[in-house]
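Engineer: Below is the file final17.cif, which contains mmCIF, C-alpha atoms and all ligand atoms.
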data_model
#
loop_
_atom_site.group_PDB
_atom_site.id
_atom_site.type_symbol
_atom_site.label_atom_id
_atom_site.label_comp_id
_atom_site.auth_asym_id
_atom_site.auth_seq_id
_atom_site.Cartn_x
_atom_site.Cartn_y
_atom_site.Cartn_z
ATOM 1 C CA MET A 91 -77.613 -45.214 -64.040
ATOM 2 C CA PRO A 92 -76.284 -45.815 -60.499
ATOM 3 C CA HIS A 93 -73.933 -48.775 -60.052
ATOM 4 C CA LEU A 94 -75.668 -51.416 -57.974
ATOM 5 C CA LEU A 95 -73.531 -53.326 -55.471
ATOM 6 C CA GLU A 96 -73.939 -57.080 -55.112
ATOM 7 C CA ASN A 97 -75.053 -56.560 -51.495
ATOM 8 C CA SER A 98 -76.662 -53.724 -49.547
ATOM 9 C CA TRP A 99 -74.640 -52.555 -46.540
ATOM 10 C CA THR A 100 -75.418 -50.673 -43.345
ATOM 11 C CA PHE A 101 -73.148 -48.376 -41.346
ATOM 12 C CA TRP A 102 -73.652 -48.675 -37.576
ATOM 13 C CA PHE A 103 -72.234 -46.414 -34.916
ATOM 14 C CA ASP A 104 -71.750 -46.745 -31.188
ATOM 15 C CA THR A 105 -71.020 -43.462 -29.422
ATOM 16 C CA PRO A 106 -68.703 -43.410 -26.439
ATOM 17 C CA ALA A 107 -70.869 -40.784 -24.724
ATOM 18 C CA ALA A 108 -73.770 -43.188 -24.772
ATOM 19 C CA LYS A 109 -71.686 -46.061 -23.390
ATOM 20 C CA SER A 110 -71.841 -46.601 -19.680
ATOM 21 C CA LYS A 111 -70.622 -49.334 -17.404
ATOM 22 C CA GLN A 112 -74.192 -50.128 -16.384
ATOM 23 C CA ALA A 113 -75.713 -50.291 -19.842
ATOM 24 C CA ALA A 114 -75.639 -53.639 -21.630
ATOM 25 C CA TRP A 115 -73.032 -53.900 -24.405
ATOM 26 C CA GLY A 116 -74.457 -52.655 -27.710
ATOM 27 C CA SER A 117 -77.467 -50.901 -26.187
ATOM 28 C CA SER A 118 -76.337 -47.567 -27.673
ATOM 29 C CA MET A 119 -75.403 -49.029 -31.071
ATOM 30 C CA ARG A 120 -77.479 -47.616 -33.940
ATOM 31 C CA PRO A 121 -77.764 -48.300 -37.681
ATOM 32 C CA ILE A 122 -77.185 -44.937 -39.389
ATOM 33 C CA TYR A 123 -77.111 -45.394 -43.197
ATOM 34 C CA THR A 124 -77.874 -48.201 -45.614
ATOM 35 C CA PHE A 125 -76.510 -48.091 -49.161
ATOM 36 C CA SER A 126 -76.751 -50.316 -52.202
ATOM 37 C CA THR A 127 -74.928 -48.384 -54.936
ATOM 38 C CA VAL A 128 -71.362 -47.154 -55.467
ATOM 39 C CA GLU A 129 -72.629 -43.561 -55.655
ATOM 40 C CA GLU A 130 -74.504 -43.833 -52.339
ATOM 41 C CA PHE A 131 -71.394 -45.290 -50.708
ATOM 42 C CA TRP A 132 -69.223 -42.308 -51.747
ATOM 43 C CA SER A 133 -71.816 -39.718 -50.802
ATOM 44 C CA ILE A 134 -71.961 -41.212 -47.291
ATOM 45 C CA TYR A 135 -68.234 -41.904 -46.974
ATOM 46 C CA ASN A 136 -67.334 -38.348 -48.044
ATOM 47 C CA ASN A 137 -69.596 -36.864 -45.388
ATOM 48 C CA ILE A 138 -68.702 -38.909 -42.324
ATOM 49 C CA HIS A 139 -65.722 -38.762 -39.989
ATOM 50 C CA HIS A 140 -62.945 -41.216 -40.743
ATOM 51 C CA PRO A 141 -61.510 -43.272 -37.854
ATOM 52 C CA GLY A 142 -58.735 -40.756 -37.050
ATOM 53 C CA LYS A 143 -61.377 -38.116 -36.329
ATOM 54 C CA LEU A 144 -63.704 -40.255 -34.231
ATOM 55 C CA ALA A 145 -63.776 -39.919 -30.444
ATOM 56 C CA VAL A 146 -61.894 -42.454 -28.347
ATOM 57 C CA GLY A 147 -64.187 -45.352 -27.546
ATOM 58 C CA ALA A 148 -66.148 -45.125 -30.801
ATOM 59 C CA ASP A 149 -67.040 -48.260 -32.741
ATOM 60 C CA PHE A 150 -67.928 -47.807 -36.396
ATOM 61 C CA TYR A 151 -69.310 -50.749 -38.356
ATOM 62 C CA CYS A 152 -70.179 -51.559 -41.955
ATOM 63 C CA PHE A 153 -72.180 -54.800 -42.141
ATOM 64 C CA LYS A 154 -74.262 -56.489 -44.785
ATOM 65 C CA HIS A 155 -77.815 -55.185 -44.559
ATOM 66 C CA LYS A 156 -79.893 -57.170 -42.061
ATOM 67 C CA ILE A 157 -76.863 -58.656 -40.258
ATOM 68 C CA GLU A 158 -76.478 -57.044 -36.830
ATOM 69 C CA PRO A 159 -72.835 -56.544 -35.736
ATOM 70 C CA LYS A 160 -73.252 -58.644 -32.610
ATOM 71 C CA TRP A 161 -72.229 -62.157 -31.565
ATOM 72 C CA GLU A 162 -75.932 -62.665 -30.851
ATOM 73 C CA ASP A 163 -76.952 -62.221 -34.497
ATOM 74 C CA PRO A 164 -77.737 -65.743 -35.784
ATOM 75 C CA ILE A 165 -75.542 -65.224 -38.871
ATOM 76 C CA CYS A 166 -72.573 -64.026 -36.769
ATOM 77 C CA ALA A 167 -73.035 -66.451 -33.868
ATOM 78 C CA ASN A 168 -70.750 -69.210 -35.184
ATOM 79 C CA GLY A 169 -68.300 -66.796 -36.754
ATOM 80 C CA GLY A 170 -65.147 -65.032 -35.779
ATOM 81 C CA LYS A 171 -62.947 -62.115 -36.718
ATOM 82 C CA TRP A 172 -59.600 -61.209 -38.247
ATOM 83 C CA THR A 173 -58.028 -58.108 -36.701
ATOM 84 C CA ALA A 174 -55.448 -55.614 -37.978
ATOM 85 C CA ASN A 175 -53.921 -53.216 -35.429
ATOM 86 C CA TYR A 176 -52.818 -49.648 -36.133
ATOM 87 C CA PRO A 177 -51.171 -46.897 -34.118
ATOM 88 C CA LYS A 178 -53.408 -43.975 -33.225
ATOM 89 C CA GLY A 179 -54.593 -42.014 -36.271
ATOM 90 C CA LYS A 180 -53.109 -44.464 -38.793
ATOM 91 C CA SER A 181 -56.099 -46.578 -39.801
ATOM 92 C CA ASP A 182 -58.008 -44.281 -42.198
ATOM 93 C CA THR A 183 -56.555 -45.624 -45.441
ATOM 94 C CA SER A 184 -56.856 -49.259 -44.376
ATOM 95 C CA TRP A 185 -60.442 -48.686 -43.263
ATOM 96 C CA LEU A 186 -61.283 -47.301 -46.735
ATOM 97 C CA TYR A 187 -59.457 -50.173 -48.499
ATOM 98 C CA THR A 188 -61.311 -52.674 -46.302
ATOM 99 C CA LEU A 189 -64.670 -51.121 -47.187
ATOM 100 C CA LEU A 190 -63.867 -51.018 -50.907
ATOM 101 C CA ALA A 191 -62.660 -54.636 -50.948
ATOM 102 C CA MET A 192 -65.814 -55.808 -49.168
ATOM 103 C CA ILE A 193 -68.441 -53.834 -51.076
ATOM 104 C CA GLY A 194 -66.583 -54.406 -54.359
ATOM 105 C CA GLU A 195 -66.703 -58.180 -53.627
ATOM 106 C CA GLN A 196 -62.935 -58.635 -53.966
ATOM 107 C CA PHE A 197 -62.754 -61.666 -51.637
ATOM 108 C CA ASP A 198 -62.959 -65.179 -53.117
ATOM 109 C CA HIS A 199 -65.003 -66.145 -50.035
ATOM 110 C CA GLY A 200 -67.022 -62.911 -49.869
ATOM 111 C CA ASP A 201 -70.160 -64.866 -48.946
ATOM 112 C CA GLU A 202 -68.418 -65.744 -45.673
ATOM 113 C CA ILE A 203 -68.111 -62.068 -44.696
ATOM 114 C CA CYS A 204 -70.585 -60.358 -42.340
ATOM 115 C CA GLY A 205 -68.912 -56.948 -42.265
ATOM 116 C CA ALA A 206 -66.118 -54.891 -40.769
ATOM 117 C CA VAL A 207 -65.624 -52.710 -37.717
ATOM 118 C CA VAL A 208 -63.100 -50.111 -36.629
ATOM 119 C CA ASN A 209 -62.632 -49.687 -32.869
ATOM 120 C CA VAL A 210 -61.081 -46.332 -31.916
ATOM 121 C CA ARG A 211 -59.234 -46.639 -28.622
ATOM 122 C CA GLY A 212 -56.889 -44.412 -26.620
ATOM 123 C CA ARG A 213 -53.618 -45.733 -27.951
ATOM 124 C CA ALA A 214 -54.631 -47.627 -31.064
ATOM 125 C CA GLU A 215 -57.209 -48.344 -33.720
ATOM 126 C CA LYS A 216 -58.288 -51.869 -34.617
ATOM 127 C CA ILE A 217 -60.007 -52.959 -37.802
ATOM 128 C CA SER A 218 -61.720 -56.345 -37.841
ATOM 129 C CA ILE A 219 -63.511 -58.357 -40.497
ATOM 130 C CA TRP A 220 -66.260 -60.567 -39.095
ATOM 131 C CA THR A 221 -67.077 -63.863 -40.781
ATOM 132 C CA LYS A 222 -69.854 -66.450 -40.566
ATOM 133 C CA ASN A 223 -68.397 -69.946 -40.118
ATOM 134 C CA ALA A 224 -65.272 -69.813 -37.971
ATOM 135 C CA SER A 225 -64.712 -73.569 -38.208
ATOM 136 C CA ASN A 226 -64.357 -73.381 -42.000
ATOM 137 C CA GLU A 227 -60.598 -72.906 -41.808
ATOM 138 C CA ALA A 228 -59.916 -72.791 -45.543
ATOM 139 C CA ALA A 229 -62.373 -69.933 -46.099
ATOM 140 C CA GLN A 230 -61.155 -67.961 -43.067
ATOM 141 C CA VAL A 231 -57.488 -68.303 -44.025
ATOM 142 C CA SER A 232 -58.264 -67.285 -47.600
ATOM 143 C CA ILE A 233 -60.012 -64.113 -46.356
ATOM 144 C CA GLY A 234 -57.162 -63.326 -43.950
ATOM 145 C CA LYS A 235 -54.492 -63.751 -46.629
ATOM 146 C CA GLN A 236 -56.361 -61.678 -49.202
ATOM 147 C CA TRP A 237 -57.140 -58.936 -46.695
ATOM 148 C CA LYS A 238 -53.455 -58.686 -45.722
ATOM 149 C CA GLU A 239 -52.577 -58.253 -49.375
ATOM 150 C CA PHE A 240 -55.239 -55.600 -49.985
ATOM 151 C CA LEU A 241 -53.969 -53.644 -46.972
ATOM 152 C CA ASP A 242 -50.300 -54.298 -47.608
ATOM 153 C CA TYR A 243 -50.202 -55.306 -43.919
ATOM 154 C CA ASN A 244 -46.846 -56.706 -42.870
ATOM 155 C CA GLU A 245 -47.559 -57.924 -39.354
ATOM 156 C CA THR A 246 -49.099 -61.171 -38.214
ATOM 157 C CA MET A 247 -52.868 -61.152 -38.209
ATOM 158 C CA GLY A 248 -54.939 -63.363 -35.883
ATOM 159 C CA PHE A 249 -58.398 -64.894 -36.088
ATOM 160 C CA ILE A 250 -60.508 -65.271 -32.943
ATOM 161 C CA PHE A 251 -63.708 -67.328 -32.728
ATOM 162 C CA HIS A 252 -66.616 -65.259 -31.292
ATOM 163 C CA ASP A 253 -67.437 -68.283 -29.170
ATOM 164 C CA ASP A 254 -64.006 -68.026 -27.486
ATOM 165 C CA ALA A 255 -64.382 -64.238 -27.060
ATOM 166 C CA ARG A 256 -67.775 -64.799 -25.433
ATOM 167 C CA LYS A 257 -66.467 -67.448 -23.016
ATOM 168 C CA LEU A 258 -62.906 -66.260 -22.352
ATOM 169 C CA ASP A 259 -63.130 -62.506 -23.014
ATOM 170 C CA ARG A 260 -59.577 -61.130 -23.304
ATOM 171 C CA ASN A 261 -57.992 -64.548 -22.817
ATOM 172 C CA ALA A 262 -59.380 -65.784 -26.138
ATOM 173 C CA LYS A 263 -56.490 -67.034 -28.288
ATOM 174 C CA ASN A 264 -56.011 -66.781 -32.039
ATOM 175 C CA LYS A 265 -57.155 -69.975 -33.751
ATOM 176 C CA TYR A 266 -55.615 -69.075 -37.108
ATOM 177 C CA VAL A 267 -52.832 -66.692 -38.051
ATOM 178 C CA VAL A 268 -51.723 -65.370 -41.429
HETATM 179 P P1 LIG B 301 -64.542 -55.415 -27.943
HETATM 180 O O1 LIG B 301 -65.167 -54.058 -28.038
HETATM 181 O O2 LIG B 301 -64.647 -56.324 -29.097
HETATM 182 O O3 LIG B 301 -63.028 -55.349 -27.515
HETATM 183 O O4 LIG B 301 -65.137 -56.181 -26.707
HETATM 184 P P2 LIG B 301 -62.086 -54.135 -27.165
HETATM 185 O O5 LIG B 301 -62.268 -53.074 -28.147
HETATM 186 O O6 LIG B 301 -60.732 -54.714 -27.045
HETATM 187 O O7 LIG B 301 -62.535 -53.707 -25.768
HETATM 188 P P3 LIG B 301 -62.820 -52.276 -25.204
HETATM 189 O O8 LIG B 301 -63.048 -52.520 -23.734
HETATM 190 O O9 LIG B 301 -61.632 -51.451 -25.508
HETATM 191 O O10 LIG B 301 -64.068 -51.803 -25.880
HETATM 192 C C1 LIG B 301 -65.095 -55.689 -25.394
HETATM 193 C C2 LIG B 301 -66.201 -56.309 -24.575
HETATM 194 O O11 LIG B 301 -67.447 -55.881 -25.067
HETATM 195 C C3 LIG B 301 -66.279 -57.841 -24.627
HETATM 196 O O12 LIG B 301 -65.458 -58.482 -23.726
HETATM 197 C C4 LIG B 301 -67.752 -58.079 -24.323
HETATM 198 O O13 LIG B 301 -67.971 -57.970 -22.929
HETATM 199 C C5 LIG B 301 -68.399 -56.923 -25.024
HETATM 200 N N1 LIG B 301 -68.798 -57.296 -26.393
HETATM 201 C C6 LIG B 301 -68.086 -57.103 -27.531
HETATM 202 N N2 LIG B 301 -68.783 -57.574 -28.580
HETATM 203 C C7 LIG B 301 -68.345 -57.521 -29.980
HETATM 204 C C8 LIG B 301 -69.951 -58.103 -28.119
HETATM 205 C C9 LIG B 301 -71.071 -58.713 -28.750
HETATM 206 O O14 LIG B 301 -71.156 -58.882 -29.971
HETATM 207 N N3 LIG B 301 -72.079 -59.086 -27.923
HETATM 208 C C10 LIG B 301 -72.013 -58.895 -26.552
HETATM 209 N N4 LIG B 301 -73.037 -59.306 -25.810
HETATM 210 N N5 LIG B 301 -70.975 -58.311 -25.949
HETATM 211 C C11 LIG B 301 -69.945 -57.914 -26.711
#
Just give me the structure of the file as structure tokens.
Ligand code: MGP

Structural biologist:
Amino acid sequence: MPHLLENSWTFWFDTPAAKSKQAAWGSSMRPIYTFSTVEEFWSIYNNIHHPGKLAVGADFYCFKHKIEPKWEDPICANGGKWTANYPKGKSDTSWLYTLLAMIGEQFDHGDEICGAVVNVRGRAEKISIWTKNASNEAAQVSIGKQWKEFLDYNETMGFIFHDDARKLDRNAKNKYVV
């Protein structure tokens, strides 16, 4: 008997080749696999590139099924994200631990979670966990603290509201830190 997860999840991918300055953000983003059992997760995970092998510019997402990894998704719209930063090629283990903690429902406020993304950039890799209600400080801080523990992450982690990112772009400031 396969082991059913509490939620179904979808991997999404955005290819750098398909990204262009003219195209609207997210227009080349595609859902690639949906899984709802532990066995399906491993069969997908074992056959896809891990962040260290993805091309610079790639964005790889794992979100609860039916939640689109966009600020525009109604479930994400009032949310925000915690971000952990890694040097180039050093995020693979943390990406796996993040996925396992999410799909294994290890967070006390797991209902608050939309999904996670890894952004592969020239000099660094960033992993973020997106949440639903950014103004619910207690739930966000709980998720941030637990995530840091699961990753054994020793640096300061910041939480940005999507609303600030939308309005202020790179000038958006952390609203919470753990
Ligand atoms: P990013 O990809 O989250 O940041 O957002 P990063 O990785 O630091 O930037 P990059 O240039 O290295 O890719 C970068 C930009 O993409 C934002 O400033 C927005 O213009 C756009 N963008 C990002 N997200 C997550 C969204 C979104 O959900 N919706 C829309 N419309 N634009 C977004």

Engineer: So, with all atoms listed in the file as the atoms that count, which of A:Trp99, A:Tyr176, A:Tyr243, A:Trp115 lies closest to Trp161 of chain A?

Structural biologist: A:Trp115

Engineer: Pick out the residues no farther than 8 Å from ligand LIG 301 (chain B), counting all atoms listed in the file, and list them as a list of chain:residue names.

Structural biologist: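 I would give the residues around ligand LIG 301 (chain B) as A:Ala114, A:Trp115, A:Gly116, A:Gly147, A:Asp149, A:Pro159, A:Lys160, A:Trp161, A:Glu162, A:Asn209, A:Val210, A:Arg211, A:Lys216, A:His252, A:Ala255, A:Arg256, A:Asp259, A:Arg260.
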
Engineer: Need to verify the contact set: Asn223 of chain A, 9 Å, only C-alpha atoms, exclusion of same-chain residues closer than 3 positions in sequence. Can you return it as a PyMOL selection string?

Structural biologist: chain A and resi 165-170+202+226-227+229-230

Engineer: Record the distance separating atom CA of Val231 of chain A and atom CA of Leu189 of chain A, expressed in Å with one decimal.

Structural biologist: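 Answer for the atom CA of Val231 of chain A to atom CA of Leu189 of chain A separation: 18.9 Å.
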
Engineer: Do you have the atom CA of Met119 of chain A-atom CA of Lys180 of chain A distance handy?

Structural biologist: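 Between atom CA of Met119 of chain A and atom CA of Lys180 of chain A the gap works out to 24.0 Å.
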
Engineer: Expressed in Å to a single decimal, how great is the separation between atom CA of Ile219 of chain A and atom CA of Glu245 of chain A?

Structural biologist: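 According to the coordinates, atom CA of Ile219 of chain A and atom CA of Glu245 of chain A are separated by 16.0 Å.
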
Engineer: Would you kindly return, as a VMD selection string, each protein, DNA or RNA residue with an atom no farther than 12 Å from any atom of Glu195 of chain A, considering all atoms listed in the file and excluding same-chain residues fewer than 2 positions away?

Structural biologist: chain A and resid 95 to 98 154 187 to 193 197 to 203 205 233 236 to 237

Engineer: Kindly save the residues from that selection, with C-alpha atoms included, as a short mmCIF file (atom, residue, chain, number, x, y, z; two decimals), in the frame of the given file.

Structural biologist:
data_model
loop_
_atom_site.label_atom_id
_atom_site.label_comp_id
_atom_site.auth_asym_id
_atom_site.auth_seq_id
_atom_site.Cartn_x
_atom_site.Cartn_y
_atom_site.Cartn_z
CA LEU A 95 -73.53 -53.33 -55.47
CA GLU A 96 -73.94 -57.08 -55.11
CA ASN A 97 -75.05 -56.56 -51.50
CA SER A 98 -76.66 -53.72 -49.55
CA LYS A 154 -74.26 -56.49 -44.78
CA TYR A 187 -59.46 -50.17 -48.50
CA THR A 188 -61.31 -52.67 -46.30
CA LEU A 189 -64.67 -51.12 -47.19
CA LEU A 190 -63.87 -51.02 -50.91
CA ALA A 191 -62.66 -54.64 -50.95
CA MET A 192 -65.81 -55.81 -49.17
CA ILE A 193 -68.44 -53.83 -51.08
CA PHE A 197 -62.75 -61.67 -51.64
CA ASP A 198 -62.96 -65.18 -53.12
CA HIS A 199 -65.00 -66.14 -50.04
CA GLY A 200 -67.02 -62.91 -49.87
CA ASP A 201 -70.16 -64.87 -48.95
CA GLU A 202 -68.42 -65.74 -45.67
CA ILE A 203 -68.11 -62.07 -44.70
CA GLY A 205 -68.91 -56.95 -42.26
CA ILE A 233 -60.01 -64.11 -46.36
CA GLN A 236 -56.36 -61.68 -49.20
CA TRP A 237 -57.14 -58.94 -46.70
#

Engineer: In terms of the shortest atom-to-atom distance over only C-alpha atoms, which of A:Lys257, A:Phe153, A:Lys143, A:Asp104 is closest to Lys178 of chain A?

Structural biologist: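 Distance minimum relative to Lys178 of chain A lands on A:Lys143.
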
Engineer: May I ask which of the residues A:Asn136, A:Thr173, A:Ser184, A:Asn261 is the closest one to Phe249 of chain A, counting all atoms listed in the file?

Structural biologist: A:Thr173

Engineer: Identify which of the residues A:Lys235, A:Val146, A:Thr100, A:Lys109 lies closest to Cys204 of chain A, counting only C-alpha atoms when measuring atom-to-atom distances.

Structural biologist: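 Among the listed residues, the smallest separation from Cys204 of chain A belongs to A:Thr100.
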
Engineer: Quick one: apply the PyMOL selection byres (((chain A and resi 124) around 10) and not hetatm) to the file and drop the selected residues here as a ChimeraX atom specification.

Structural biologist: /A:98-102,121-123,125-127,130-131,134,152-156

Engineer: Nearest residue to Phe251 of chain A out of A:Ala224, A:Ala214, A:Val207, A:Val267, using only C-alpha atoms?

Structural biologist: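 Of the candidates, the smallest distance to Phe251 of chain A is held by A:Ala224.
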
Engineer: Dump as a PDB file with C-alpha atoms, in the coordinates of the input all residues having an atom at most 7 Å from (-58.6, -64.4, -32.0), computed in the file's coordinates with all atoms listed in the file.

Structural biologist:
ATOM      1  CA  LYS A 171     -62.947 -62.115 -36.718  1.00  0.00           C
ATOM      2  CA  GLY A 248     -54.939 -63.363 -35.883  1.00  0.00           C
ATOM      3  CA  PHE A 249     -58.398 -64.894 -36.088  1.00  0.00           C
ATOM      4  CA  ILE A 250     -60.508 -65.271 -32.943  1.00  0.00           C
ATOM      5  CA  PHE A 251     -63.708 -67.328 -32.728  1.00  0.00           C
ATOM      6  CA  ALA A 262     -59.380 -65.784 -26.138  1.00  0.00           C
ATOM      7  CA  LYS A 263     -56.490 -67.034 -28.288  1.00  0.00           C
ATOM      8  CA  ASN A 264     -56.011 -66.781 -32.039  1.00  0.00           C
ATOM      9  CA  LYS A 265     -57.155 -69.975 -33.751  1.00  0.00           C
TER      10      LYS A 265
END

Engineer: For Val208 of chain A, which residue among A:Gln196, A:Ser232, A:Thr221, A:Thr183 is the nearest when counting all atoms listed in the file?

Structural biologist: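 The closest residue to Val208 of chain A is A:Thr183.
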
Engineer: My structure is short of atoms at segment 143-152 of chain A; please model all heavy atoms there, returning them as a PDB file, keeping the file's coordinate frame.

Structural biologist:
ATOM      1  N   LYS A 143     -60.651 -39.279 -36.865  1.00  0.00           N
ATOM      2  CA  LYS A 143     -61.377 -38.116 -36.329  1.00  0.00           C
ATOM      3  C   LYS A 143     -62.465 -38.519 -35.346  1.00  0.00           C
ATOM      4  O   LYS A 143     -63.159 -37.658 -34.793  1.00  0.00           O
ATOM      5  CB  LYS A 143     -62.023 -37.342 -37.482  1.00  0.00           C
ATOM      6  CG  LYS A 143     -61.057 -36.489 -38.257  1.00  0.00           C
ATOM      7  CD  LYS A 143     -61.545 -35.047 -38.275  1.00  0.00           C
ATOM      8  CE  LYS A 143     -60.556 -34.127 -38.900  1.00  0.00           C
ATOM      9  NZ  LYS A 143     -61.192 -33.169 -39.805  1.00  0.00           N
ATOM     10  N   LEU A 144     -62.649 -39.823 -35.150  1.00  0.00           N
ATOM     11  CA  LEU A 144     -63.704 -40.255 -34.231  1.00  0.00           C
ATOM     12  C   LEU A 144     -63.209 -40.191 -32.791  1.00  0.00           C
ATOM     13  O   LEU A 144     -62.007 -40.313 -32.520  1.00  0.00           O
ATOM     14  CB  LEU A 144     -64.139 -41.695 -34.556  1.00  0.00           C
ATOM     15  CG  LEU A 144     -64.848 -41.893 -35.897  1.00  0.00           C
ATOM     16  CD1 LEU A 144     -65.066 -43.378 -36.174  1.00  0.00           C
ATOM     17  CD2 LEU A 144     -66.187 -41.153 -35.905  1.00  0.00           C
ATOM     18  N   ALA A 145     -64.134 -40.009 -31.867  1.00  0.00           N
ATOM     19  CA  ALA A 145     -63.776 -39.919 -30.444  1.00  0.00           C
ATOM     20  C   ALA A 145     -63.281 -41.270 -29.929  1.00  0.00           C
ATOM     21  O   ALA A 145     -63.716 -42.328 -30.420  1.00  0.00           O
ATOM     22  CB  ALA A 145     -64.992 -39.477 -29.646  1.00  0.00           C
ATOM     23  N   VAL A 146     -62.391 -41.221 -28.974  1.00  0.00           N
ATOM     24  CA  VAL A 146     -61.894 -42.454 -28.347  1.00  0.00           C
ATOM     25  C   VAL A 146     -63.083 -43.226 -27.768  1.00  0.00           C
ATOM     26  O   VAL A 146     -63.960 -42.648 -27.140  1.00  0.00           O
ATOM     27  CB  VAL A 146     -60.865 -42.115 -27.243  1.00  0.00           C
ATOM     28  CG1 VAL A 146     -60.546 -43.335 -26.391  1.00  0.00           C
ATOM     29  CG2 VAL A 146     -59.606 -41.545 -27.865  1.00  0.00           C
ATOM     30  N   GLY A 147     -63.092 -44.510 -28.029  1.00  0.00           N
ATOM     31  CA  GLY A 147     -64.187 -45.352 -27.546  1.00  0.00           C
ATOM     32  C   GLY A 147     -65.206 -45.670 -28.635  1.00  0.00           C
ATOM     33  O   GLY A 147     -66.015 -46.579 -28.501  1.00  0.00           O
ATOM     34  N   ALA A 148     -65.150 -44.911 -29.746  1.00  0.00           N
ATOM     35  CA  ALA A 148     -66.148 -45.125 -30.801  1.00  0.00           C
ATOM     36  C   ALA A 148     -65.945 -46.467 -31.509  1.00  0.00           C
ATOM     37  O   ALA A 148     -64.821 -46.933 -31.681  1.00  0.00           O
ATOM     38  CB  ALA A 148     -66.072 -43.990 -31.821  1.00  0.00           C
ATOM     39  N   ASP A 149     -67.038 -47.049 -31.916  1.00  0.00           N
ATOM     40  CA  ASP A 149     -67.040 -48.260 -32.741  1.00  0.00           C
ATOM     41  C   ASP A 149     -67.855 -47.941 -33.985  1.00  0.00           C
ATOM     42  O   ASP A 149     -69.007 -47.522 -33.874  1.00  0.00           O
ATOM     43  CB  ASP A 149     -67.704 -49.432 -32.010  1.00  0.00           C
ATOM     44  CG  ASP A 149     -66.964 -49.827 -30.744  1.00  0.00           C
ATOM     45  OD1 ASP A 149     -65.719 -49.891 -30.773  1.00  0.00           O
ATOM     46  OD2 ASP A 149     -67.641 -50.057 -29.725  1.00  0.00           O
ATOM     47  N   PHE A 150     -67.240 -48.130 -35.149  1.00  0.00           N
ATOM     48  CA  PHE A 150     -67.928 -47.807 -36.396  1.00  0.00           C
ATOM     49  C   PHE A 150     -67.957 -49.073 -37.244  1.00  0.00           C
ATOM     50  O   PHE A 150     -66.915 -49.699 -37.466  1.00  0.00           O
ATOM     51  CB  PHE A 150     -67.156 -46.676 -37.086  1.00  0.00           C
ATOM     52  CG  PHE A 150     -67.928 -46.025 -38.177  1.00  0.00           C
ATOM     53  CD1 PHE A 150     -69.240 -45.634 -37.985  1.00  0.00           C
ATOM     54  CD2 PHE A 150     -67.351 -45.794 -39.400  1.00  0.00           C
ATOM     55  CE1 PHE A 150     -69.964 -45.027 -39.006  1.00  0.00           C
ATOM     56  CE2 PHE A 150     -68.054 -45.189 -40.428  1.00  0.00           C
ATOM     57  CZ  PHE A 150     -69.364 -44.804 -40.226  1.00  0.00           C
ATOM     58  N   TYR A 151     -69.128 -49.461 -37.689  1.00  0.00           N
ATOM     59  CA  TYR A 151     -69.310 -50.749 -38.356  1.00  0.00           C
ATOM     60  C   TYR A 151     -69.862 -50.579 -39.764  1.00  0.00           C
ATOM     61  O   TYR A 151     -70.649 -49.664 -39.996  1.00  0.00           O
ATOM     62  CB  TYR A 151     -70.356 -51.594 -37.619  1.00  0.00           C
ATOM     63  CG  TYR A 151     -70.111 -51.865 -36.155  1.00  0.00           C
ATOM     64  CD1 TYR A 151     -70.455 -50.934 -35.183  1.00  0.00           C
ATOM     65  CD2 TYR A 151     -69.577 -53.082 -35.746  1.00  0.00           C
ATOM     66  CE1 TYR A 151     -70.254 -51.199 -33.837  1.00  0.00           C
ATOM     67  CE2 TYR A 151     -69.377 -53.361 -34.404  1.00  0.00           C
ATOM     68  CZ  TYR A 151     -69.717 -52.413 -33.458  1.00  0.00           C
ATOM     69  OH  TYR A 151     -69.522 -52.684 -32.128  1.00  0.00           O
ATOM     70  N   CYS A 152     -69.510 -51.472 -40.654  1.00  0.00           N
ATOM     71  CA  CYS A 152     -70.179 -51.559 -41.955  1.00  0.00           C
ATOM     72  C   CYS A 152     -70.486 -53.030 -42.175  1.00  0.00           C
ATOM     73  O   CYS A 152     -69.581 -53.837 -42.396  1.00  0.00           O
ATOM     74  CB  CYS A 152     -69.282 -51.010 -43.067  1.00  0.00           C
ATOM     75  SG  CYS A 152     -70.064 -51.103 -44.688  1.00  0.00           S
TER      76      CYS A 152
END
